[in-house]
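Read the structure below first, then the notes.
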Amino acid sequence: RDTSVSLSPPPAIRVRPLTSTETRRGDRRVVHSLGDGTVHVSAARHDATFGFSAVFDAGASQEAVFEGSGMRQLVELALDGFSCTVFAFGQTGSGKTYTLMGPLAQSETPPAAPGLLGLMQRSFACLLEQSRSRGSDLALSASYLEIYNEQVRDLLSPGPPCTLPLRWSKTRGFYVENQLSVDFESLEAIADLLLQALDLPPAGSQRRRTSAHALNRHSSRSHALLTIHVRSRASITLPTRVPQPSACPSKQGTLCFVDLAGSERVKETGSSGELSVEANNINRSLLALGHCISLLAKPRGKRTHIPYRDSKLTRLLARSLGGSGITLMVACISPSSHCLSETLSTLHYASRARRVTTRP
Amino acid sequence: AAAAGGGWAAVCEKFRTARTLSAVESRKDPETEPYRSKYSARALLQEVKQLLSAAEEGGEARLGAVRRAVLEYELGVNHTDTEELSAGEEHLQRCTQLLQPHRLSPDCVSLYIQAQNNLGILWSERDEIKTAQTYLESAEALYNQYMKEDGNPPLDPSEHFMAEEEKLTDQERSKRFEKAYTHTLYYLAQVYQHLEMIEKAAQYCHTTLKRQLEYCGYYPVEWALNAATLSQYYLSKQCFMESRHCLAAASVIFSQAEQVPSAEDNETEQDQQDLRQRKAEIARCWIKYCLNLLQSARKLLEDNIGELDPDRQLELKAQRKKEEDEKEEGRKKAVLFGTSDICDSVLAMEEKVSSVYPLDFQEAREIFLVGQNYVQEAKEFFQVDGYVTDHIEIVQDHSALFKVLAFFEEDYERRCKMHKRRVDMLEPIYADLNPQYYLLISRQLQFELADTYYEMMDLKVAIGNRLEELDSHTIKKINSLAQLAIKYYELFLDSLRNPDKVFPEELDEDVLRPAMVAKFHIARLYGKLITSDSKKQLENMQTSLEYYTFLVDYCEKYPAAVRAVETELELSKEMVGLLPTRMERLRAKLCPFI
């Protein structure tokens with residue numbers, strides 16, 4: 001437990017540039033990165049300064065983020081058999097998906113320039129490069145899940161999207177039943193896989209149930225998890241140059257990329273993990289009855305008790321979030337004055353996370 | 001008939017295909033065309049609509065109208081699903097217009113209600129919640145009128161496009177009709193909540209739960225949790241009978257769920273874990289029930305110094321006898337979860353604990369014991385390792401149960417023993433707690449421990465006063481309790497210091513009163529310490545004076561604080577006036593020649 005705490009890199013902050021919409025609207029820039037890890041947020045009455053060890057401002061490249069955030073260490077630890085997770089946290093539109101996988105490639109446009117590739121693709125490249133230099137035998141496989149409205153969907157499986165059950169066993173911990181895990185050996189293969197997942201009907205990220213006009217609305221409510229299973233075994237090369245399965249024990253590590261739902265939604269879900277009934281909308285599903293009732297019984301003072309409902313995301317990430325996992329949090333924020341309160345809230349969250357990881 | 005056999009069958013087929021497209025196939029629609037199936041369904045519905053109008057003859061006007069109404073309904077829902085609210089509204093309105101003259105008849109009533117349900121939902125999406133309310137309340141009224149005037153299971157709308165032999169049984173018709181009405185009530189619950197008509201919302205949630213048991217099918221664990229949550233709402237309104245009923249039903253339904261065996265090994269592990277947790281959650285709701293009931297009774301019975309008032313007690317007992325028979329039956333009928341198979345079990349559960357205010361020790365003790373049992377049950381799952389906050393809250397509730405039971409106990413020695421139990425359970429968990437990460441809980445425990453020792457000391461003094469003179473054993477006891485109380489109050493006050501160990505100049509609102517009370521009690525405690533050493537006594541009085549002075553000075557500096565500590569301030573001012581004189585006299589006795 002102690003090892004993991006000291007191995008986890010501290011949270012990193014990434015500030016994206018102002019978008020053209022924001023500039024047109026005349027939004028002011030309220031987030032300033034003062035170098036040496038200080039982030040200053042200024043606006044009318046709110047003035048706050050935060051200190052972090054890794055701050056990437058609007059001009060930082062994807063490569064700089066990969067190298068400076070500690071992502072590379074995570075990759076190496078995964079090769080060593082640890083459970084590593086990187087979270088992208090922040091409000092909708094703050095750049096979480098961009099940080100994790102670069103600009104979402106559209107099927108008609110050519111694939112993204114290599115310089116814009118995100119943490120995912122760079123991690124794959126790093127994995128493959130490391131395995132070659134260590135001379136170990138790597139078996140890599142990937143699975144891609146989405147959690148929307150407390151339902152788990154496999155984004156890689158062909159055919160109609162259906163909900164998969166989340167199970168638990170002593171040996172595997174929490175796992176998704178019937179989840180598809182795809183083997184890949186080359187960077188091209190995994191990049192293709194992602195493209196598939198992003199683009200076309202057969203599979204994937206666009207199957208994150210986002211239609212063009214509702215892209216942000218949906219991704220803001222769902223969590224996406226891409227898990228890479230890394231099984232490595234050092235192979236002994238005999239004089240005949242035929243690698244033999246070695247006597248060395250194989251190590252199985254995981255590298256998980258979590259694109260979290262927009263953090264502004266967190267307030268609405270509360271601890272129950274259920275979506276709130278939005279504004280005045282009536283929720284058709286009787287499954288929301290529980291939420292409706294718990295709003296009635298809002299405790300004023302400690303005299304009542306609201307029975308807790310578990311969240312699927314917490315269970316799936318139990319191993320990573322628990323003592324033996326190694327995590328990197330990348331908090332994404334917008335510099336616009338329009339998003340001030342969300343930005344402050346994200347930064348506060350990140351600084352609390354920072355204190356937790358450095359505790360003795 | 002409007003259409004000859006084969007033609008009609010084809011129409012029905014088209015209709016069914018349209019519904020399948022909408023309900024089933026649409027889930028497989030690709031992201032680039034999310035409404036593909038719905039559009040296809042719409043085209044088919046339009047075709048059916050045309051076929052119908054073509055085939056219409058005079059004699060079957062009524063039948064034709066109903067069939068057209070079904071189509072308008074389906075089209076209305078279709079357009080609403082594809083986010084075309086205006087078109088959706090148009091179709092739904094046409095549907096209700098067609099049905100208007102016949103809306104109370106068995107072939108139309110269900111469809112009418114469903115159309116109104118959908119109009120309610122539609123308007124809520126336009127943020128016009130009051131308009132939604134009118135549609136839903138109208139649907140509710142129609143259901144009630146129909147049941148009163150007719151009551152027979154009405155046709156399900158889908159039957160208008162079914163062949164004779166496919167038509168549904170009365171049982172199935174009733175089930176679907178009741179389901180539609182349950183949804184009406186459920187939507188109304190949400191509407192009332194948005195309109196902040198909380199009591200009505202609760203009532204409708206309750207009815208929805210009730211109907212789920214009777215008609216809709218339900219997931220037992222889910223249902224049990226909902227009922228337990230609702231019970232907590234009733235607690236906040238002091239409606240103990242309703243609260244108990246919900247909890248009893250929750251326990252009964254939950255135990256049904258527990259009995260279902262699971263096949264696979266993997267499933268069992270996870271689900272067992274879940275079940276155990278839910279069971280413990282329900283136990284916690286029961287604990288709150290018992291605690292609230294006891295505490296509410298206390299409020300009714302206590303006099304102005306916090307002791308049980310015997311006159312009030314007699315009064316309430318007499319009143320209870322009168323009311324016993326009257327009110328219970330009426331209220332109960334309204335909220336009964338009444339399916340016959342669980343009725344008896346629920347009743348049995350309810351009989352284990354009272355729902356009326358306990359008015360003496362015997363009655364209080366019974367409720368206390370029920371609460372204590374649930375404490376043990378909850379602690380089985382919520383162990384310290386892994387559920388620190390939950391575990392501690394349960395222990396705090398246990399301590400609160402003892403505290404309120406002590407109120408009912410007349411004998412001081414026995415009361416003291418109850419407070420001792422509190423200390424015994426709180427001290428160990430406090431000792432293990434890291435105040436850095438659990439600041440709030442740490443403070444709560446410090447304060448509660450201090451208060452408990454304070455009470456115990458007061459009791460020992462009272463017991464001592466009844467004797468001729470205090471023996472040395474009692475004196476020792478009193479002093480030790482006082483010192484322990486002081487210790488914990490000091491720890492609490494220390495926790496308020498900033499990182500440089502400086503006590504804040506001005507106290508935050510949420511810690512103001514507890515801090516003031518702590519200072520006040522410490523002052524009083526130093527005044528209560530018994531010592532034969534006059535010099536020591538003088539020191540104690542001096543310390544006491546300092547603490548009283550702090551209070552007075554603080555309130556002078558920050559007048560806004562006066563409201564929070566009025567009684568204590570008054571007494572403090574008195575003491576600040578009296579003590580110096582007493583100390584002078586004592587000093588004079590010590591050194592008579594100075």
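Chain lettering (A, B, ...) mirrors the order of the structure tokens, residue numbering begins at 1 for each chain separately, and ligand numbering begins at 1 in order of display.
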Long-range neighbours of A:Val86 as a PyMOL selection string, 12 Å cut-off, only C-alpha atoms, 3 positions minimum in chain: chain A and resi 8-12+66+69-75+78+83+89+96+99-100+119-120+123+224-228+254-260+317+320-321+325-331
Would you tabulate, counting only C-alpha atoms, all residues of chain B that have an atom at most 8 Å from an atom of chain A, showing the closest pair of atoms and their distance in Å to one decimal, sorted by chain then ascending number, as a Markdown table?
| residue | atom | partner | partner_atom | distance |
| --- | --- | --- | --- | --- |
| B:Arg27 | CA | A:Pro160 | CA | 7.4 |
| B:Lys28 | CA | A:Pro160 | CA | 5.0 |
| B:Pro30 | CA | A:Pro201 | CA | 6.1 |
| B:Glu31 | CA | A:Ser211 | CA | 5.6 |
| B:Thr32 | CA | A:Ser211 | CA | 6.1 |
| B:Glu33 | CA | A:Ser211 | CA | 7.9 |
| B:Pro34 | CA | A:Ser211 | CA | 7.3 |
| B:Ile121 | CA | A:Ile282 | CA | 5.8 |
| B:Ser124 | CA | A:Asn281 | CA | 5.1 |
| B:Glu125 | CA | A:Asn281 | CA | 5.1 |
| B:Asp127 | CA | A:Asn280 | CA | 5.5 |
| B:Glu128 | CA | A:Asn280 | CA | 7.8 |
| B:Ile129 | CA | A:Asn280 | CA | 6.4 |
| B:His183 | CA | A:Arg284 | CA | 8.0 |
| B:Tyr186 | CA | A:Leu289 | CA | 7.8 |
| B:Tyr187 | CA | A:Ile282 | CA | 6.4 |
| B:Gln190 | CA | A:Ile282 | CA | 6.5 |
| B:Val191 | CA | A:Ile282 | CA | 7.4 |
| B:Gln193 | CA | A:Leu296 | CA | 7.8 |
| B:His194 | CA | A:Asn280 | CA | 6.5 |
| B:Ile198 | CA | A:Leu296 | CA | 6.7 |
| B:Ala201 | CA | A:Leu296 | CA | 7.8 |
| B:Ala202 | CA | A:Leu296 | CA | 6.8 |
| B:Cys205 | CA | A:Ile293 | CA | 6.8 |
| B:Glu222 | CA | A:Gly290 | CA | 7.8 |
| B:Leu225 | CA | A:Pro307 | CA | 6.7 |
| B:Asn226 | CA | A:Gly290 | CA | 5.2 |
| B:Ala228 | CA | A:Pro307 | CA | 7.6 |
| B:Thr229 | CA | A:Ile306 | CA | 5.8 |
| B:Leu230 | CA | A:Ile293 | CA | 5.9 |
| B:Gln232 | CA | A:Thr304 | CA | 5.6 |
| B:Tyr233 | CA | A:Ala297 | CA | 4.1 |
| B:Tyr234 | CA | A:Ala297 | CA | 7.9 |
| B:Leu235 | CA | A:Thr304 | CA | 7.3 |
| B:Ser236 | CA | A:Thr304 | CA | 7.3 |
| B:Asn266 | CA | A:Ser169 | CA | 5.2 |
| B:Glu267 | CA | A:Arg167 | CA | 6.3 |
| B:Glu269 | CA | A:Ser169 | CA | 6.4 |
| B:Gln270 | CA | A:Trp168 | CA | 5.0 |
| B:Arg278 | CA | A:Pro307 | CA | 7.5 |
| B:Glu281 | CA | A:Pro307 | CA | 5.3 |
| B:Ile282 | CA | A:Pro307 | CA | 7.0 |
| B:Arg284 | CA | A:His305 | CA | 6.9 |
| B:Cys285 | CA | A:His305 | CA | 5.8 |
| B:Lys288 | CA | A:Thr304 | CA | 5.9 |
| B:Asn292 | CA | A:Arg303 | CA | 7.1 |
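Of the residues in stretch 67-154 of chain A, those given strand (DSSP E) by DSSP on the backbone are Ser83, Cys84, Thr85, Val86, Phe87, Ala88, Phe89, Ser136, Asp137, Leu138, Ala139, Leu140, Ser141, Ala142, Ser143, Tyr144, Leu145, Glu146, Ile147, Tyr148, Gln151, Val152, Arg153 and Asp154 of chain A.
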Residues near A:Gly90, anyone? I mean within 9 Å using only C-alpha atoms, not counting same-chain ones fewer than 3 positions away, as a VMD selection string. chain A and resid 93 to 96 260 to 264 330 to 334 342 to 343 346
Output for the residues just chosen: C-alpha atoms as a PDB file, in the first residue's frame:
ATOM      1  CA  GLY A  93     -15.531  20.716 -23.056  1.00  0.00           C
ATOM      2  CA  SER A  94     -12.413  21.209 -20.994  1.00  0.00           C
ATOM      3  CA  GLY A  95     -10.299  18.912 -23.119  1.00  0.00           C
ATOM      4  CA  LYS A  96     -10.418  15.534 -21.423  1.00  0.00           C
ATOM      5  CA  LEU A 260     -14.732  10.709 -16.888  1.00  0.00           C
ATOM      6  CA  ALA A 261     -18.161  12.190 -17.327  1.00  0.00           C
ATOM      7  CA  GLY A 262     -18.269  15.968 -17.184  1.00  0.00           C
ATOM      8  CA  SER A 263     -17.555  16.938 -13.595  1.00  0.00           C
ATOM      9  CA  GLU A 264     -20.366  19.470 -13.552  1.00  0.00           C
ATOM     10  CA  VAL A 330      -5.087  14.928 -15.187  1.00  0.00           C
ATOM     11  CA  ALA A 331      -7.414  17.786 -14.370  1.00  0.00           C
ATOM     12  CA  CYS A 332      -8.529  19.677 -17.459  1.00  0.00           C
ATOM     13  CA  ILE A 333      -9.738  23.230 -17.224  1.00  0.00           C
ATOM     14  CA  SER A 334     -10.911  25.989 -19.470  1.00  0.00           C
ATOM     15  CA  GLU A 342     -16.349  24.929 -12.552  1.00  0.00           C
ATOM     16  CA  THR A 343     -12.670  25.676 -12.992  1.00  0.00           C
ATOM     17  CA  THR A 346     -11.867  21.252 -10.509  1.00  0.00           C
TER      18      THR A 346
END
Determine the nearest neighbour of A:Ala88 from the options A:Ala54, A:Met101, A:Val182, A:Leu155, counting only C-alpha atoms. A:Met101
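For B:Ser534, the set of protein, DNA and RNA residues having any atom at most 10 Å away, when counting only C-alpha atoms and skipping those fewer than 5 positions along the same chain, is Glu539, Asn540, Leu586, Arg587, Lys589 and Leu590 of chain B.
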Could those selected residues go to a file with all heavy atoms, as a PDB file, in the first residue's frame?
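Once written, again_34.pdb looks like this:
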ATOM      1  N   GLU B 539      -6.951  28.265  43.380  1.00  0.00           N
ATOM      2  CA  GLU B 539      -6.507  28.131  41.989  1.00  0.00           C
ATOM      3  C   GLU B 539      -7.677  27.761  41.084  1.00  0.00           C
ATOM      4  O   GLU B 539      -7.848  28.319  39.999  1.00  0.00           O
ATOM      5  CB  GLU B 539      -5.441  27.039  41.888  1.00  0.00           C
ATOM      6  CG  GLU B 539      -4.039  27.532  42.162  1.00  0.00           C
ATOM      7  CD  GLU B 539      -3.056  26.371  42.234  1.00  0.00           C
ATOM      8  OE1 GLU B 539      -3.246  25.411  41.448  1.00  0.00           O
ATOM      9  OE2 GLU B 539      -2.143  26.412  43.067  1.00  0.00           O
ATOM     10  N   ASN B 540      -8.461  26.771  41.546  1.00  0.00           N
ATOM     11  CA  ASN B 540      -9.595  26.341  40.748  1.00  0.00           C
ATOM     12  C   ASN B 540     -10.561  27.483  40.497  1.00  0.00           C
ATOM     13  O   ASN B 540     -11.069  27.659  39.396  1.00  0.00           O
ATOM     14  CB  ASN B 540     -10.333  25.175  41.429  1.00  0.00           C
ATOM     15  CG  ASN B 540      -9.517  23.898  41.415  1.00  0.00           C
ATOM     16  OD1 ASN B 540      -8.557  23.772  40.669  1.00  0.00           O
ATOM     17  ND2 ASN B 540      -9.899  22.947  42.242  1.00  0.00           N
ATOM     18  N   LEU B 586     -11.955  33.742  50.755  1.00  0.00           N
ATOM     19  CA  LEU B 586     -11.120  32.555  50.944  1.00  0.00           C
ATOM     20  C   LEU B 586      -9.682  32.950  51.235  1.00  0.00           C
ATOM     21  O   LEU B 586      -9.026  32.413  52.140  1.00  0.00           O
ATOM     22  CB  LEU B 586     -11.192  31.667  49.704  1.00  0.00           C
ATOM     23  CG  LEU B 586     -10.595  30.259  49.844  1.00  0.00           C
ATOM     24  CD1 LEU B 586     -11.231  29.533  51.018  1.00  0.00           C
ATOM     25  CD2 LEU B 586     -10.794  29.465  48.574  1.00  0.00           C
ATOM     26  N   ARG B 587      -9.218  33.940  50.482  1.00  0.00           N
ATOM     27  CA  ARG B 587      -7.846  34.392  50.696  1.00  0.00           C
ATOM     28  C   ARG B 587      -7.689  34.938  52.106  1.00  0.00           C
ATOM     29  O   ARG B 587      -6.680  34.685  52.775  1.00  0.00           O
ATOM     30  CB  ARG B 587      -7.480  35.481  49.680  1.00  0.00           C
ATOM     31  CG  ARG B 587      -6.419  35.028  48.688  1.00  0.00           C
ATOM     32  CD  ARG B 587      -6.066  36.095  47.693  1.00  0.00           C
ATOM     33  NE  ARG B 587      -6.517  35.711  46.352  1.00  0.00           N
ATOM     34  CZ  ARG B 587      -7.278  36.441  45.576  1.00  0.00           C
ATOM     35  NH1 ARG B 587      -7.735  37.606  45.990  1.00  0.00           N
ATOM     36  NH2 ARG B 587      -7.625  36.013  44.380  1.00  0.00           N
ATOM     37  N   LYS B 589      -9.302  34.060  54.736  1.00  0.00           N
ATOM     38  CA  LYS B 589      -9.250  32.936  55.679  1.00  0.00           C
ATOM     39  C   LYS B 589      -7.856  32.329  55.733  1.00  0.00           C
ATOM     40  O   LYS B 589      -7.372  31.903  56.775  1.00  0.00           O
ATOM     41  CB  LYS B 589     -10.254  31.851  55.244  1.00  0.00           C
ATOM     42  CG  LYS B 589     -11.517  31.834  56.108  1.00  0.00           C
ATOM     43  CD  LYS B 589     -12.183  30.483  56.111  1.00  0.00           C
ATOM     44  CE  LYS B 589     -13.052  30.387  54.851  1.00  0.00           C
ATOM     45  NZ  LYS B 589     -13.783  29.130  54.789  1.00  0.00           N
ATOM     46  N   LEU B 590      -7.223  32.244  54.538  1.00  0.00           N
ATOM     47  CA  LEU B 590      -5.903  31.612  54.473  1.00  0.00           C
ATOM     48  C   LEU B 590      -4.849  32.433  55.186  1.00  0.00           C
ATOM     49  O   LEU B 590      -3.996  31.923  55.888  1.00  0.00           O
ATOM     50  CB  LEU B 590      -5.477  31.431  53.010  1.00  0.00           C
ATOM     51  CG  LEU B 590      -6.102  30.283  52.237  1.00  0.00           C
ATOM     52  CD1 LEU B 590      -5.609  30.286  50.812  1.00  0.00           C
ATOM     53  CD2 LEU B 590      -5.735  28.953  52.885  1.00  0.00           C
TER      54      LEU B 590
END
Using backbone DSSP assignments, extract all helix (DSSP H, G or I) residues from stretch 93-149 of chain B; output them as a compact mmCIF listing (two decimals) with N, CA and C atoms, in the first residue's frame.
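Saved file part_29.txt follows:
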# COMPACT_ATOMS: atom_id res chain seq x y z
N GLN B 93 -53.03 15.68 -29.23
CA GLN B 93 -54.26 16.45 -29.06
C GLN B 93 -55.37 15.90 -29.93
N ARG B 94 -55.00 15.56 -31.18
CA ARG B 94 -56.01 14.99 -32.08
C ARG B 94 -56.56 13.71 -31.50
N CYS B 95 -55.68 12.95 -30.90
CA CYS B 95 -56.10 11.68 -30.29
C CYS B 95 -57.13 11.94 -29.22
N THR B 96 -56.84 12.86 -28.32
CA THR B 96 -57.78 13.11 -27.24
C THR B 96 -59.07 13.71 -27.76
N GLN B 97 -58.97 14.53 -28.80
CA GLN B 97 -60.19 15.10 -29.36
C GLN B 97 -61.10 14.00 -29.91
N LEU B 98 -60.49 13.05 -30.63
CA LEU B 98 -61.29 11.95 -31.20
C LEU B 98 -61.96 11.14 -30.10
N LEU B 99 -61.28 10.99 -28.99
CA LEU B 99 -61.80 10.13 -27.93
C LEU B 99 -62.72 10.86 -26.97
N GLN B 100 -62.62 12.17 -26.96
CA GLN B 100 -63.32 12.98 -25.97
C GLN B 100 -64.75 12.52 -25.64
N PRO B 101 -65.62 12.39 -26.63
CA PRO B 101 -67.00 12.02 -26.28
C PRO B 101 -67.12 10.62 -25.68
N HIS B 102 -66.13 9.77 -25.94
CA HIS B 102 -66.26 8.38 -25.46
C HIS B 102 -65.23 8.02 -24.41
N VAL B 109 -60.92 4.47 -22.61
CA VAL B 109 -60.38 5.11 -21.40
C VAL B 109 -58.87 4.92 -21.23
N SER B 110 -58.38 3.71 -21.49
CA SER B 110 -56.95 3.48 -21.29
C SER B 110 -56.12 4.32 -22.23
N LEU B 111 -56.56 4.38 -23.49
CA LEU B 111 -55.82 5.16 -24.47
C LEU B 111 -55.81 6.64 -24.11
N TYR B 112 -56.97 7.12 -23.65
CA TYR B 112 -57.09 8.52 -23.29
C TYR B 112 -56.10 8.86 -22.18
N ILE B 113 -56.08 8.00 -21.17
CA ILE B 113 -55.17 8.24 -20.04
C ILE B 113 -53.72 8.23 -20.50
N GLN B 114 -53.38 7.28 -21.34
CA GLN B 114 -52.00 7.22 -21.82
C GLN B 114 -51.63 8.45 -22.63
N ALA B 115 -52.61 8.93 -23.43
CA ALA B 115 -52.33 10.13 -24.21
C ALA B 115 -52.07 11.31 -23.27
N GLN B 116 -52.87 11.40 -22.22
CA GLN B 116 -52.67 12.50 -21.29
C GLN B 116 -51.35 12.37 -20.54
N ASN B 117 -50.98 11.14 -20.21
CA ASN B 117 -49.67 10.93 -19.58
C ASN B 117 -48.58 11.51 -20.47
N ASN B 118 -48.67 11.19 -21.75
CA ASN B 118 -47.64 11.64 -22.66
C ASN B 118 -47.66 13.14 -22.87
N LEU B 119 -48.83 13.71 -22.84
CA LEU B 119 -48.90 15.17 -22.95
C LEU B 119 -48.25 15.79 -21.71
N GLY B 120 -48.46 15.18 -20.57
CA GLY B 120 -47.83 15.66 -19.35
C GLY B 120 -46.31 15.66 -19.48
N ILE B 121 -45.78 14.55 -19.97
CA ILE B 121 -44.33 14.44 -20.13
C ILE B 121 -43.83 15.48 -21.13
N LEU B 122 -44.57 15.62 -22.20
CA LEU B 122 -44.19 16.54 -23.26
C LEU B 122 -44.08 17.96 -22.71
N TRP B 123 -45.08 18.39 -21.98
CA TRP B 123 -45.05 19.74 -21.46
C TRP B 123 -43.96 19.95 -20.42
N SER B 124 -43.66 18.87 -19.70
CA SER B 124 -42.59 19.01 -18.71
C SER B 124 -41.27 19.25 -19.42
N GLU B 125 -41.12 18.67 -20.62
CA GLU B 125 -39.88 18.88 -21.35
C GLU B 125 -39.80 20.29 -21.91
N ILE B 129 -44.20 23.12 -16.16
CA ILE B 129 -44.58 22.04 -15.27
C ILE B 129 -46.04 22.13 -14.82
N LYS B 130 -46.56 23.33 -14.77
CA LYS B 130 -47.97 23.46 -14.34
C LYS B 130 -48.92 22.91 -15.39
N THR B 131 -48.58 23.12 -16.65
CA THR B 131 -49.40 22.55 -17.70
C THR B 131 -49.34 21.03 -17.63
N ALA B 132 -48.15 20.51 -17.40
CA ALA B 132 -48.00 19.07 -17.26
C ALA B 132 -48.91 18.57 -16.15
N GLN B 133 -48.94 19.34 -15.07
CA GLN B 133 -49.77 18.96 -13.92
C GLN B 133 -51.23 18.83 -14.31
N THR B 134 -51.73 19.78 -15.10
CA THR B 134 -53.17 19.71 -15.44
C THR B 134 -53.48 18.44 -16.23
N TYR B 135 -52.63 18.08 -17.19
CA TYR B 135 -52.90 16.87 -17.96
C TYR B 135 -52.89 15.64 -17.08
N LEU B 136 -51.90 15.56 -16.21
CA LEU B 136 -51.77 14.36 -15.39
C LEU B 136 -52.91 14.27 -14.38
N GLU B 137 -53.28 15.41 -13.81
CA GLU B 137 -54.38 15.36 -12.83
C GLU B 137 -55.68 15.00 -13.52
N SER B 138 -55.82 15.44 -14.76
CA SER B 138 -57.02 15.08 -15.51
C SER B 138 -57.05 13.57 -15.76
N ALA B 139 -55.90 13.00 -16.09
CA ALA B 139 -55.83 11.56 -16.29
C ALA B 139 -56.20 10.83 -15.01
N GLU B 140 -55.69 11.35 -13.89
CA GLU B 140 -55.97 10.75 -12.59
C GLU B 140 -57.47 10.76 -12.30
N ALA B 141 -58.08 11.91 -12.55
CA ALA B 141 -59.51 12.04 -12.29
C ALA B 141 -60.31 11.09 -13.16
N LEU B 142 -59.88 10.96 -14.41
CA LEU B 142 -60.60 10.08 -15.32
C LEU B 142 -60.55 8.63 -14.85
N TYR B 143 -59.38 8.23 -14.42
CA TYR B 143 -59.25 6.86 -13.91
C TYR B 143 -60.21 6.62 -12.76
N ASN B 144 -60.20 7.56 -11.82
CA ASN B 144 -61.07 7.39 -10.65
C ASN B 144 -62.53 7.35 -11.03
N GLN B 145 -62.90 8.20 -11.99
CA GLN B 145 -64.29 8.23 -12.42
C GLN B 145 -64.67 6.92 -13.08
N TYR B 146 -63.76 6.44 -13.96
CA TYR B 146 -64.04 5.18 -14.65
C TYR B 146 -64.21 4.03 -13.66
N MET B 147 -63.33 3.97 -12.70
CA MET B 147 -63.36 2.86 -11.75
C MET B 147 -64.63 2.91 -10.91
N LYS B 148 -65.09 4.14 -10.65
CA LYS B 148 -66.29 4.28 -9.84
C LYS B 148 -67.51 3.89 -10.66
N GLU B 149 -67.57 4.40 -11.90
CA GLU B 149 -68.78 4.20 -12.69
C GLU B 149 -68.82 2.88 -13.43
